[in-house]
>>> print(open('protein_37.cif').read())   # mmCIF, C-alpha atoms
data_data
#
loop_
_atom_site.label_atom_id
_atom_site.label_comp_id
_atom_site.auth_asym_id
_atom_site.auth_seq_id
_atom_site.Cartn_x
_atom_site.Cartn_y
_atom_site.Cartn_z
CA MET R 3 23.88 11.37 31.08
CA SER R 4 27.04 9.21 30.95
CA CYS R 5 28.41 7.64 27.79
CA ALA R 6 27.62 3.92 27.41
CA ILE R 7 29.38 3.25 24.07
CA LYS R 8 32.04 5.27 22.28
CA VAL R 9 33.32 4.18 18.86
CA GLU R 10 36.35 5.96 17.39
CA ASN R 11 37.71 5.50 13.85
CA LEU R 12 36.57 1.87 13.85
CA GLY R 13 37.53 -0.31 10.90
CA LYS R 14 37.52 -4.02 10.16
CA LYS R 15 39.47 -5.57 7.30
CA TYR R 16 39.22 -9.12 6.00
CA ILE R 17 41.57 -10.87 3.60
CA ILE R 18 39.68 -12.79 0.91
CA GLN R 19 41.48 -15.70 -0.73
CA HIS R 20 40.63 -16.27 -4.41
CA GLN R 21 41.62 -19.78 -5.43
CA GLN R 22 42.30 -20.23 -9.13
CA GLN R 23 39.52 -22.43 -10.51
CA SER R 24 40.62 -25.87 -11.59
CA ARG R 25 39.86 -26.99 -15.11
CA TYR R 26 38.47 -30.12 -13.47
CA GLN R 27 35.07 -29.20 -12.11
CA TYR R 28 34.46 -32.66 -10.69
CA ASN R 29 37.37 -34.74 -9.40
CA SER R 30 37.61 -38.43 -8.63
CA LEU R 31 39.61 -39.54 -5.59
CA GLY R 32 42.33 -40.92 -7.86
CA GLU R 33 42.65 -37.62 -9.75
CA SER R 34 42.83 -35.62 -6.52
CA LEU R 35 45.54 -37.90 -5.08
CA SER R 36 47.49 -37.83 -8.34
CA ARG R 37 47.51 -34.03 -8.52
CA GLY R 38 48.36 -33.77 -4.82
CA ILE R 39 51.40 -36.06 -5.21
CA LYS R 40 52.48 -34.15 -8.34
CA SER R 41 52.19 -30.84 -6.46
CA LEU R 42 54.21 -32.24 -3.54
CA GLY R 43 56.90 -33.43 -5.93
CA ASN R 44 57.11 -30.01 -7.61
CA ASN R 45 57.46 -28.34 -4.21
CA LEU R 46 60.30 -30.68 -3.23
CA LEU R 47 62.13 -30.23 -6.54
CA HIS R 48 61.49 -26.46 -6.77
CA PRO R 49 61.07 -25.24 -3.17
CA LEU R 50 61.45 -21.58 -4.11
CA GLN R 51 58.86 -21.61 -6.83
CA SER R 52 55.86 -19.42 -5.94
CA ASN R 53 52.26 -20.63 -6.07
CA ALA R 54 50.99 -17.08 -6.48
CA LYS R 55 49.35 -17.91 -9.78
CA ALA R 56 47.10 -20.46 -8.12
CA GLU R 57 45.89 -18.11 -5.42
CA ARG R 58 45.48 -14.37 -4.99
CA THR R 59 44.32 -12.27 -2.08
CA GLU R 60 42.06 -9.25 -1.84
CA GLU R 61 41.44 -6.79 1.00
CA PHE R 62 37.82 -6.24 1.97
CA TRP R 63 36.85 -3.53 4.48
CA ALA R 64 33.63 -4.58 6.18
CA LEU R 65 33.74 -1.35 8.23
CA LYS R 66 35.59 1.89 7.51
CA ASP R 67 36.17 4.85 9.86
CA ILE R 68 33.02 4.48 12.02
CA ASN R 69 32.54 7.10 14.76
CA PHE R 70 29.64 7.60 17.19
CA GLU R 71 28.70 7.90 20.86
CA ILE R 72 25.69 6.36 22.57
CA LYS R 73 24.48 7.73 25.89
CA GLN R 74 23.28 5.56 28.73
CA GLY R 75 19.57 4.74 28.28
CA ASP R 76 19.53 5.36 24.53
CA ARG R 77 17.71 2.87 22.31
CA VAL R 78 19.55 2.92 18.99
CA GLY R 79 18.54 1.15 15.79
CA ILE R 80 21.24 -0.05 13.39
CA ILE R 81 19.80 0.03 9.85
CA GLY R 82 21.30 -1.17 6.59
CA ARG R 83 20.97 -3.56 3.69
CA ASN R 84 22.24 -7.13 3.92
CA GLY R 85 26.04 -7.07 3.79
CA ALA R 86 26.27 -3.42 4.87
CA GLY R 87 28.43 -4.24 7.93
CA LYS R 88 25.85 -4.17 10.73
CA SER R 89 26.63 -7.61 12.13
CA THR R 90 30.38 -6.96 11.96
CA LEU R 91 29.88 -3.81 14.02
CA LEU R 92 27.85 -5.66 16.64
CA LYS R 93 30.43 -8.47 16.85
CA ILE R 94 33.15 -5.91 17.56
CA LEU R 95 31.01 -4.24 20.24
CA SER R 96 30.30 -7.67 21.73
CA ARG R 97 34.04 -8.49 21.81
CA ILE R 98 33.53 -11.48 19.51
CA THR R 99 36.03 -10.09 17.00
CA HIS R 100 38.66 -7.35 17.17
CA PRO R 101 38.78 -4.22 14.99
CA THR R 102 41.58 -3.71 12.51
CA THR R 103 41.71 0.03 13.22
CA GLY R 104 40.24 2.30 15.89
CA LYS R 105 38.59 1.24 19.11
CA ALA R 106 35.23 0.77 20.83
CA THR R 107 34.80 1.61 24.51
CA ILE R 108 31.84 0.20 26.43
CA ASN R 109 30.95 1.07 30.01
CA GLY R 110 29.09 -1.68 31.83
CA ARG R 111 28.11 -5.30 31.25
CA VAL R 112 27.16 -6.25 27.70
CA SER R 113 24.70 -8.99 26.77
CA SER R 114 24.49 -9.90 23.08
CA LEU R 115 22.11 -11.96 21.01
CA LEU R 116 23.60 -12.02 17.53
CA GLU R 117 22.75 -15.48 16.27
CA VAL R 118 21.00 -18.61 17.46
CA GLY R 119 22.90 -20.15 20.38
CA THR R 120 25.28 -17.25 21.01
CA GLY R 121 27.16 -18.03 24.24
CA PHE R 122 25.56 -21.46 24.73
CA HIS R 123 27.48 -24.73 25.12
CA PRO R 124 25.59 -27.42 23.16
CA GLU R 125 26.49 -30.22 25.58
CA LEU R 126 25.14 -28.36 28.63
CA THR R 127 21.48 -28.31 29.62
CA GLY R 128 19.27 -25.25 29.46
CA ARG R 129 19.61 -24.84 33.24
CA GLU R 130 23.42 -25.04 33.11
CA ASN R 131 23.62 -22.58 30.22
CA ILE R 132 21.58 -20.02 32.16
CA PHE R 133 24.17 -20.11 34.97
CA LEU R 134 27.05 -20.18 32.47
CA ASN R 135 25.80 -17.06 30.68
CA GLY R 136 25.25 -15.27 33.97
CA ALA R 137 28.79 -16.10 35.06
CA ILE R 138 30.15 -14.80 31.73
CA LEU R 139 28.32 -11.54 32.42
CA GLY R 140 30.08 -11.37 35.82
CA MET R 141 27.01 -12.12 37.94
CA GLN R 142 27.06 -13.98 41.24
CA LYS R 143 25.18 -17.28 41.55
CA GLN R 144 22.66 -15.69 43.93
CA GLU R 145 21.88 -12.95 41.39
CA ILE R 146 21.23 -15.55 38.70
CA GLN R 147 18.99 -17.59 41.00
CA THR R 148 16.90 -14.47 41.69
CA LYS R 149 16.12 -14.15 37.96
CA PHE R 150 16.03 -17.86 37.17
CA ASN R 151 12.24 -18.41 37.33
CA GLU R 152 11.56 -15.28 35.24
CA ILE R 153 13.95 -16.52 32.55
CA VAL R 154 12.36 -19.98 32.40
CA ASP R 155 8.81 -18.57 32.32
CA PHE R 156 9.69 -16.11 29.56
CA ALA R 157 11.46 -18.74 27.43
CA GLU R 158 8.67 -21.33 27.88
CA VAL R 159 11.17 -24.22 27.99
CA GLU R 160 10.51 -25.53 31.52
CA LYS R 161 9.77 -29.06 30.25
CA PHE R 162 13.18 -29.23 28.52
CA LEU R 163 15.23 -27.34 31.09
CA ASP R 164 17.44 -30.33 31.94
CA THR R 165 17.90 -31.41 28.31
CA PRO R 166 21.18 -30.55 26.53
CA VAL R 167 20.51 -27.55 24.31
CA LYS R 168 21.97 -29.36 21.27
CA HIS R 169 18.62 -31.14 21.15
CA TYR R 170 16.63 -27.87 21.13
CA SER R 171 14.89 -26.61 18.02
CA SER R 172 16.08 -23.25 16.67
CA GLY R 173 12.96 -21.62 18.13
CA MET R 174 13.60 -23.05 21.63
CA TYR R 175 17.26 -22.07 21.35
CA VAL R 176 16.51 -18.45 20.54
CA ARG R 177 13.75 -18.18 23.17
CA LEU R 178 16.10 -19.25 25.93
CA ALA R 179 19.00 -17.19 24.56
CA PHE R 180 16.91 -14.02 24.45
CA ALA R 181 15.41 -14.68 27.89
CA VAL R 182 18.89 -15.02 29.40
CA ALA R 183 20.24 -11.95 27.57
CA ALA R 184 17.28 -9.75 28.55
CA HIS R 185 16.74 -10.80 32.19
CA LEU R 186 20.27 -10.84 33.58
CA GLU R 187 20.21 -7.03 33.71
CA PRO R 188 23.14 -6.00 31.48
CA GLU R 189 23.85 -2.30 31.15
CA VAL R 190 23.99 -2.74 27.36
CA LEU R 191 21.78 -5.16 25.39
CA ILE R 192 22.70 -5.88 21.75
CA VAL R 193 20.09 -7.69 19.65
CA ASP R 194 20.51 -8.64 15.99
CA GLU R 195 17.86 -9.88 13.50
CA VAL R 196 18.00 -13.26 15.25
CA LEU R 197 14.51 -12.62 16.67
CA ALA R 198 13.12 -13.43 13.23
CA VAL R 199 13.72 -17.11 14.08
CA GLY R 200 11.00 -17.07 16.75
CA ASP R 201 7.28 -17.33 16.14
CA ALA R 202 5.07 -14.22 15.98
CA LEU R 203 3.86 -14.50 19.59
CA PHE R 204 7.40 -14.77 20.97
CA GLN R 205 8.60 -11.91 18.77
CA ARG R 206 5.93 -9.69 20.32
CA LYS R 207 7.12 -10.70 23.80
CA CYS R 208 10.72 -9.88 22.83
CA LEU R 209 9.82 -6.47 21.43
CA GLY R 210 7.84 -5.69 24.58
CA LYS R 211 10.80 -6.73 26.74
CA ILE R 212 13.22 -4.56 24.74
CA ASP R 213 10.85 -1.62 25.21
CA GLU R 214 10.77 -2.32 28.95
CA ILE R 215 14.56 -2.54 29.17
CA GLY R 216 14.92 0.82 27.45
CA ALA R 217 12.37 2.38 29.81
CA GLN R 218 14.50 1.18 32.75
CA GLY R 219 17.39 3.34 31.54
CA ARG R 220 19.53 0.58 30.07
CA THR R 221 21.13 0.93 26.64
CA VAL R 222 19.79 -1.07 23.70
CA LEU R 223 21.30 -1.61 20.22
CA PHE R 224 18.67 -3.12 17.95
CA VAL R 225 19.15 -4.42 14.40
CA SER R 226 16.03 -5.25 12.42
CA HIS R 227 14.56 -5.01 8.92
CA ASN R 228 11.16 -4.37 10.51
CA MET R 229 11.02 -0.60 10.16
CA GLN R 230 7.92 -0.25 12.33
CA ALA R 231 9.67 -2.08 15.17
CA VAL R 232 12.69 0.21 14.82
CA GLN R 233 10.37 3.24 14.73
CA GLN R 234 8.54 2.17 17.87
CA LEU R 235 11.52 1.01 19.95
CA CYS R 236 14.38 3.33 18.98
CA ASN R 237 14.74 7.05 19.67
CA ARG R 238 17.77 7.23 17.37
CA SER R 239 19.09 5.23 14.42
CA ILE R 240 22.37 4.79 12.58
CA ILE R 241 22.48 3.81 8.89
CA ILE R 242 25.40 1.66 7.72
CA SER R 243 26.03 1.34 3.98
CA ASN R 244 29.00 -0.46 2.38
CA GLY R 245 30.80 -0.44 5.73
CA GLU R 246 30.41 3.31 6.31
CA LYS R 247 28.16 5.32 8.58
CA ILE R 248 26.03 7.52 6.32
CA PHE R 249 23.49 8.82 8.85
CA ASP R 250 23.10 9.15 12.61
CA GLY R 251 20.02 10.86 14.00
CA ASP R 252 16.28 10.80 14.49
CA THR R 253 14.75 7.41 13.68
CA SER R 254 11.97 8.79 11.46
CA ILE R 255 14.47 10.63 9.28
CA ALA R 256 16.77 7.59 9.22
CA ILE R 257 13.98 5.32 7.97
CA GLU R 258 13.03 7.80 5.23
CA ARG R 259 16.63 8.02 4.09
CA TYR R 260 17.15 4.25 4.26
CA LEU R 261 14.11 3.59 2.10
CA SER R 262 14.98 6.27 -0.48
CA ASP R 263 18.17 4.51 -1.77
CA ASP R 264 18.76 7.15 -4.47
CA HIS R 265 21.22 5.24 -6.69
CA ASN R 266 19.04 2.16 -7.14
CA LYS R 267 15.94 4.31 -7.47
CA LEU R 268 17.37 6.41 -10.31
CA PHE R 269 18.60 3.30 -12.14
CA ALA R 270 15.16 1.68 -11.83
CA LEU R 271 13.43 4.85 -13.05
CA GLU R 272 15.71 4.99 -16.09
CA GLN R 273 14.97 1.34 -16.88
CA MET R 274 11.23 1.94 -16.61
CA GLN R 275 11.43 5.03 -18.81
CA LYS R 276 13.28 3.02 -21.48
CA TYR R 277 10.61 0.35 -21.32
CA ILE R 278 7.83 2.93 -21.73
CA GLN R 279 9.57 4.52 -24.73
CA ASN R 280 9.74 1.14 -26.46
CA LEU R 281 6.05 0.30 -26.01
CA PRO R 282 4.11 -0.37 -29.25
CA LEU R 283 2.76 2.75 -30.95
CA ASP R 284 -0.99 3.36 -30.82
CA PRO R 285 -2.84 5.78 -33.16
CA ALA R 286 -4.81 7.32 -30.27
CA PHE R 287 -2.59 7.19 -27.22
CA ARG R 288 0.98 7.26 -25.99
CA MET R 289 2.33 6.80 -22.45
CA HIS R 290 5.13 9.18 -21.47
CA GLY R 291 5.91 8.44 -17.85
CA ILE R 292 4.85 7.16 -14.43
CA VAL R 293 5.98 8.75 -11.18
CA LEU R 294 5.42 7.41 -7.66
CA SER R 295 5.94 9.76 -4.74
CA GLN R 296 5.48 9.96 -0.98
CA GLY R 297 5.57 13.20 0.96
CA GLY R 298 6.75 15.09 -2.13
CA ASP R 299 9.74 12.76 -2.71
CA VAL R 300 9.96 10.47 -5.73
CA VAL R 301 10.04 6.78 -4.75
CA PHE R 302 10.21 3.63 -6.81
CA SER R 303 10.29 0.15 -5.31
CA ASN R 304 10.61 0.71 -1.55
CA ILE R 305 7.67 2.58 -0.05
CA GLU R 306 6.28 3.20 3.44
CA ASN R 307 2.80 2.14 4.41
CA GLY R 308 2.62 5.02 6.89
CA LYS R 309 2.50 7.61 4.09
CA PRO R 310 0.10 8.16 1.17
CA LEU R 311 1.38 6.85 -2.16
CA GLU R 312 0.79 9.24 -5.07
CA ILE R 313 0.67 7.71 -8.56
CA LYS R 314 1.02 10.16 -11.45
CA ILE R 315 0.59 9.01 -15.06
CA ASP R 316 1.71 11.26 -17.93
CA TYR R 317 0.28 10.54 -21.39
CA GLN R 318 -0.76 12.01 -24.72
CA VAL R 319 -4.00 11.66 -26.67
CA PHE R 320 -3.74 12.13 -30.44
CA VAL R 321 -7.38 11.94 -31.56
CA LYS R 322 -10.73 12.62 -29.95
CA THR R 323 -11.54 9.36 -28.15
CA THR R 324 -14.61 8.15 -26.28
CA GLY R 325 -14.06 5.76 -23.40
CA LEU R 326 -10.30 6.28 -23.06
CA ARG R 327 -9.24 5.17 -19.60
CA VAL R 328 -5.94 4.97 -17.73
CA PHE R 329 -5.93 2.82 -14.65
CA PHE R 330 -3.86 0.70 -12.30
CA ASP R 331 -4.17 -2.79 -10.87
CA LEU R 332 -2.54 -3.71 -7.60
CA TYR R 333 -1.70 -7.41 -7.13
CA ASP R 334 -0.35 -9.20 -4.10
CA ASN R 335 2.56 -11.65 -4.31
CA GLN R 336 0.15 -14.45 -5.21
CA GLU R 337 -1.18 -12.52 -8.23
CA ILE R 338 -4.52 -11.83 -6.51
CA LEU R 339 -6.04 -8.55 -7.66
CA LEU R 340 -6.50 -6.26 -4.65
CA ILE R 341 -7.35 -2.90 -6.21
CA ARG R 342 -8.39 -1.75 -9.68
CA SER R 343 -8.93 1.98 -10.08
CA PHE R 344 -9.76 3.99 -13.24
CA ASN R 345 -9.20 7.68 -13.83
CA ASP R 346 -12.85 8.22 -14.88
CA GLU R 347 -14.55 6.44 -11.95
CA ASP R 348 -16.31 9.58 -10.72
CA HIS R 349 -17.83 10.42 -14.15
CA GLU R 350 -21.57 9.85 -14.52
CA GLY R 351 -21.31 8.97 -18.21
CA ILE R 352 -18.64 7.66 -20.54
CA PRO R 353 -16.33 10.65 -21.10
CA THR R 354 -14.79 11.79 -24.36
CA THR R 355 -11.15 12.89 -24.26
CA GLU R 356 -9.96 15.64 -26.61
CA PRO R 357 -6.44 15.53 -28.11
CA GLY R 358 -3.78 16.86 -25.75
CA ARG R 359 -1.15 16.13 -23.14
CA TYR R 360 -2.53 14.94 -19.78
CA THR R 361 -1.56 13.78 -16.33
CA SER R 362 -3.85 11.62 -14.22
CA GLN R 363 -3.04 11.37 -10.55
CA VAL R 364 -4.41 9.22 -7.75
CA THR R 365 -3.47 8.61 -4.11
CA ILE R 366 -3.47 5.35 -2.20
CA PRO R 367 -4.13 6.40 1.41
CA ALA R 368 -1.64 5.92 4.21
CA ASN R 369 -1.99 2.82 6.38
CA LEU R 370 -3.92 0.96 3.69
CA LEU R 371 -1.24 -1.37 2.30
CA ALA R 372 0.07 -4.18 4.47
CA PRO R 373 3.88 -4.53 4.79
CA THR R 374 4.53 -7.07 2.06
CA SER R 375 5.29 -7.22 -1.68
CA TYR R 376 2.96 -6.07 -4.45
CA THR R 377 2.92 -5.51 -8.19
CA LEU R 378 1.54 -2.21 -9.46
CA ARG R 379 0.39 -2.61 -13.09
CA VAL R 380 -0.41 0.61 -14.99
CA GLN R 381 -2.57 0.19 -18.10
CA ALA R 382 -4.63 2.06 -20.67
CA THR R 383 -7.72 0.98 -22.59
CA ILE R 384 -10.45 2.25 -24.90
CA PHE R 385 -13.73 0.93 -23.53
CA ASN R 386 -15.17 -1.98 -25.54
CA ILE R 387 -12.59 -1.45 -28.32
CA ARG R 388 -9.06 -2.47 -27.27
CA ASN R 389 -6.47 -2.66 -24.55
CA ILE R 390 -3.75 -0.27 -25.59
CA TYR R 391 -1.04 -2.04 -23.56
CA PRO R 392 -2.32 -5.60 -22.97
CA ASN R 393 0.57 -6.55 -20.68
CA GLY R 394 0.59 -3.28 -18.77
CA ILE R 395 3.60 -1.62 -17.15
CA ASP R 396 4.65 -3.48 -13.98
CA ILE R 397 6.33 -1.88 -10.98
CA SER R 398 7.34 -4.10 -8.04
CA LEU R 399 6.57 -2.56 -4.66
CA ASP R 400 8.10 -3.59 -1.33
CA VAL R 401 6.06 -1.95 1.40
CA GLU R 402 7.83 -1.30 4.71
CA ARG R 403 5.80 -1.10 7.90
CA THR R 404 6.13 2.46 9.22
CA GLY R 405 2.48 3.41 9.72
CA LEU R 406 -0.15 2.98 12.40
CA THR R 407 -1.40 -0.43 11.29
CA ASN R 408 -1.23 -3.21 13.89
CA ARG R 409 1.30 -1.47 16.12
CA ALA R 410 0.48 -3.73 19.07
CA TYR R 411 1.45 -6.84 17.06
CA LEU R 412 4.44 -5.77 15.01
CA CYS R 413 5.41 -9.23 13.79
CA GLU R 414 1.94 -10.48 12.93
CA PRO R 415 1.26 -10.66 9.17
CA ILE R 416 -1.65 -8.63 7.83
CA ARG R 417 -3.88 -10.42 5.32
CA SER R 418 -6.71 -8.70 3.50
CA LYS R 419 -8.41 -8.12 0.17
CA LEU R 420 -8.95 -4.46 -0.70
CA ALA R 421 -11.60 -2.61 -2.76
CA PRO R 422 -11.38 1.09 -1.89
CA PHE R 423 -12.90 3.99 -3.82
CA LEU R 424 -10.06 6.35 -4.73
CA HIS R 425 -10.41 9.91 -5.98
CA TRP R 426 -8.58 10.80 -9.18
CA LYS R 427 -7.58 14.24 -10.41
CA THR R 428 -6.95 14.68 -14.14
CA VAL R 429 -5.39 17.87 -15.54
CA LYS R 430 -5.06 18.77 -19.21
CA LEU R 431 -1.60 20.25 -19.82
CA TYR R 432 -2.13 21.54 -23.37
CA ALA R 433 -4.32 20.90 -26.41
CA LEU R 434 -3.46 19.38 -29.79
CA ASP R 435 -5.21 20.05 -33.10
CA ASP R 436 -6.89 16.98 -34.60
CA ASP R 437 -5.58 17.74 -38.09
CA THR R 438 -1.92 18.17 -37.13
CA ASN R 439 -1.69 15.06 -34.92
CA ASP R 440 1.33 16.70 -33.31
CA THR R 441 3.29 14.16 -31.22
CA LYS R 442 5.73 16.70 -29.83
CA THR R 443 6.02 16.32 -26.06
CA GLN R 444 7.25 18.38 -23.18
CA ALA R 445 9.69 17.08 -20.58
CA PHE R 446 7.85 15.07 -17.98
CA GLN R 447 8.17 16.73 -14.61
#
>>> encode(input="protein_37.cif", output="structure tokens")
Amino acid sequence: MSCAIKVENLGKKYIIQHQQQSRYQYNSLGESLSRGIKSLGNNLLHPLQSNAKAERTEEFWALKDINFEIKQGDRVGIIGRNGAGKSTLLKILSRITHPTTGKATINGRVSSLLEVGTGFHPELTGRENIFLNGAILGMQKQEIQTKFNEIVDFAEVEKFLDTPVKHYSSGMYVRLAFAVAAHLEPEVLIVDEVLAVGDALFQRKCLGKIDEIGAQGRTVLFVSHNMQAVQQLCNRSIIISNGEKIFDGDTSIAIERYLSDDHNKLFALEQMQKYIQNLPLDPAFRMHGIVLSQGGDVVFSNIENGKPLEIKIDYQVFVKTTGLRVFFDLYDNQEILLIRSFNDEDHEGIPTTEPGRYTSQVTIPANLLAPTSYTLRVQATIFNIRNIYPNGIDISLDVERTGLTNRAYLCEPIRSKLAPFLHWKTVKLYALDDDTNDTKTQAFQ
């Protein structure tokens, strides 16, 4: 299979100007003119005097030493946080900007959709822009006419076809732009997150078209924060972080690595552990730690809905206590309670807990949580006596769509209220004598 894209030692540097902040935050017209005339006078009287104090420059490398090859027919996802350098890479591949170092070689026609209105002239009509884009791609007029009706039908803008596109809404703009980019049969199609502008129905059409293009043996570069869309459409993915390529391989592995974000995860875990250590002391109970994991790997804020989520709570009981319960609440982003689950739900009577060190563990099944934001609140209580931690311990969860849920409609939001029965497993790690009230703890694994 021939090489469609080859990137060698690619780098892009920008020069950032830092203007020295004026002591005048708000300026009147008179003040601005006065300072401008004064500055002009100083320049005339002292032409060699430098203004370096007023302004300094800084080098910023948006991309550094990027290398990869993409074979013809590959569908490659470009994954990374905002500001990682993904869009800069695509602009270089689309010949919108030039690299500072290295080179990118592309074999065949390239069609790019990087932002709303890419390649459109606002004064021209939709019809004229279709022919203009085709001409830019090197197509003959007859070739464009062959695809013309398909483009118009796909974009659903027939009524406004002879209206200048400057009057189009952003949704109409992107529908026509994608239709042109996808139907004029480029060898390489580059699509950025711009599809998020369209409505859910059009996004589904776009994703289906990208899948079809890839099946026809054409090369697709796809940037999206929708991990399920990347999983479904791309056979390979590249992760960009701080301008550098940190992974290039199987999409499933790339998504796992992207979501793990070790540095931020460790920092967040440390912050949570500090918070737990500073919780008010209780004569009967003390929390020692909370661990979230998926597939054996510790996670924190970013989780996948395609994998079970294990919640493990480590705590210590100092005195024999009846009705001691640890539990979690799961809230959606509107503070609606979706799940409440206690560690003693499968007991027939109210249990009594002996002094000791314990872990209670529960699993939220795969494909249960919709891809949205949640708050996981871990709490402890003694039934009918007191809440040990009235405010609970909150963990923010951002669930990425990687599972089986709603695969046919990737961009459609999932709305539901949940009340599942979850099985808990509680293990006593060691016993404590009532009379010693020993608070010595072991390291939480």
>>> atom_distance(input="protein_37.cif", atom1="atom CA of Ile315 of chain R", atom2="atom CA of Ile387 of chain R")
21.4 Å
>>> residues_around(input="protein_37.cif", residues="Ser343 of chain R", least_positions_apart="6", cutoff="12 Å", atoms="all atoms listed in the file", output="list in words")
Ile313, Arg327, Val328, Phe329, Phe330, Asp331, Leu332, Ser362, Gln363, Val364, Thr365, Ile366, Leu378, Arg379, Val380, Gln381, Ala382, Leu420, Ala421, Pro422, Phe423, Leu424, His425 and Trp426 of chain R
>>> atom_distance(input="protein_37.cif", atom1="atom CA of Gly128 of chain R", atom2="atom CA of Thr165 of chain R")
6.4 Å
>>> closest_residue(input="protein_37.cif", among="R:Phe385, R:Leu12, R:Tyr170, R:Ile146", to="Ile94 of chain R", atoms="all atoms listed in the file")
R:Leu12
>>> residues_around(input="protein_37.cif", residues="Leu126 of chain R", least_positions_apart="3", cutoff="9 Å", atoms="all atoms listed in the file", output="JSON, numbers by chain")
{"R": [122, 123, 129, 130, 131, 164, 165, 166, 167, 168]}
>>> atom_distance(input="protein_37.cif", atom1="atom CA of Arg77 of chain R", atom2="atom CA of Lys93 of chain R")
17.9 Å
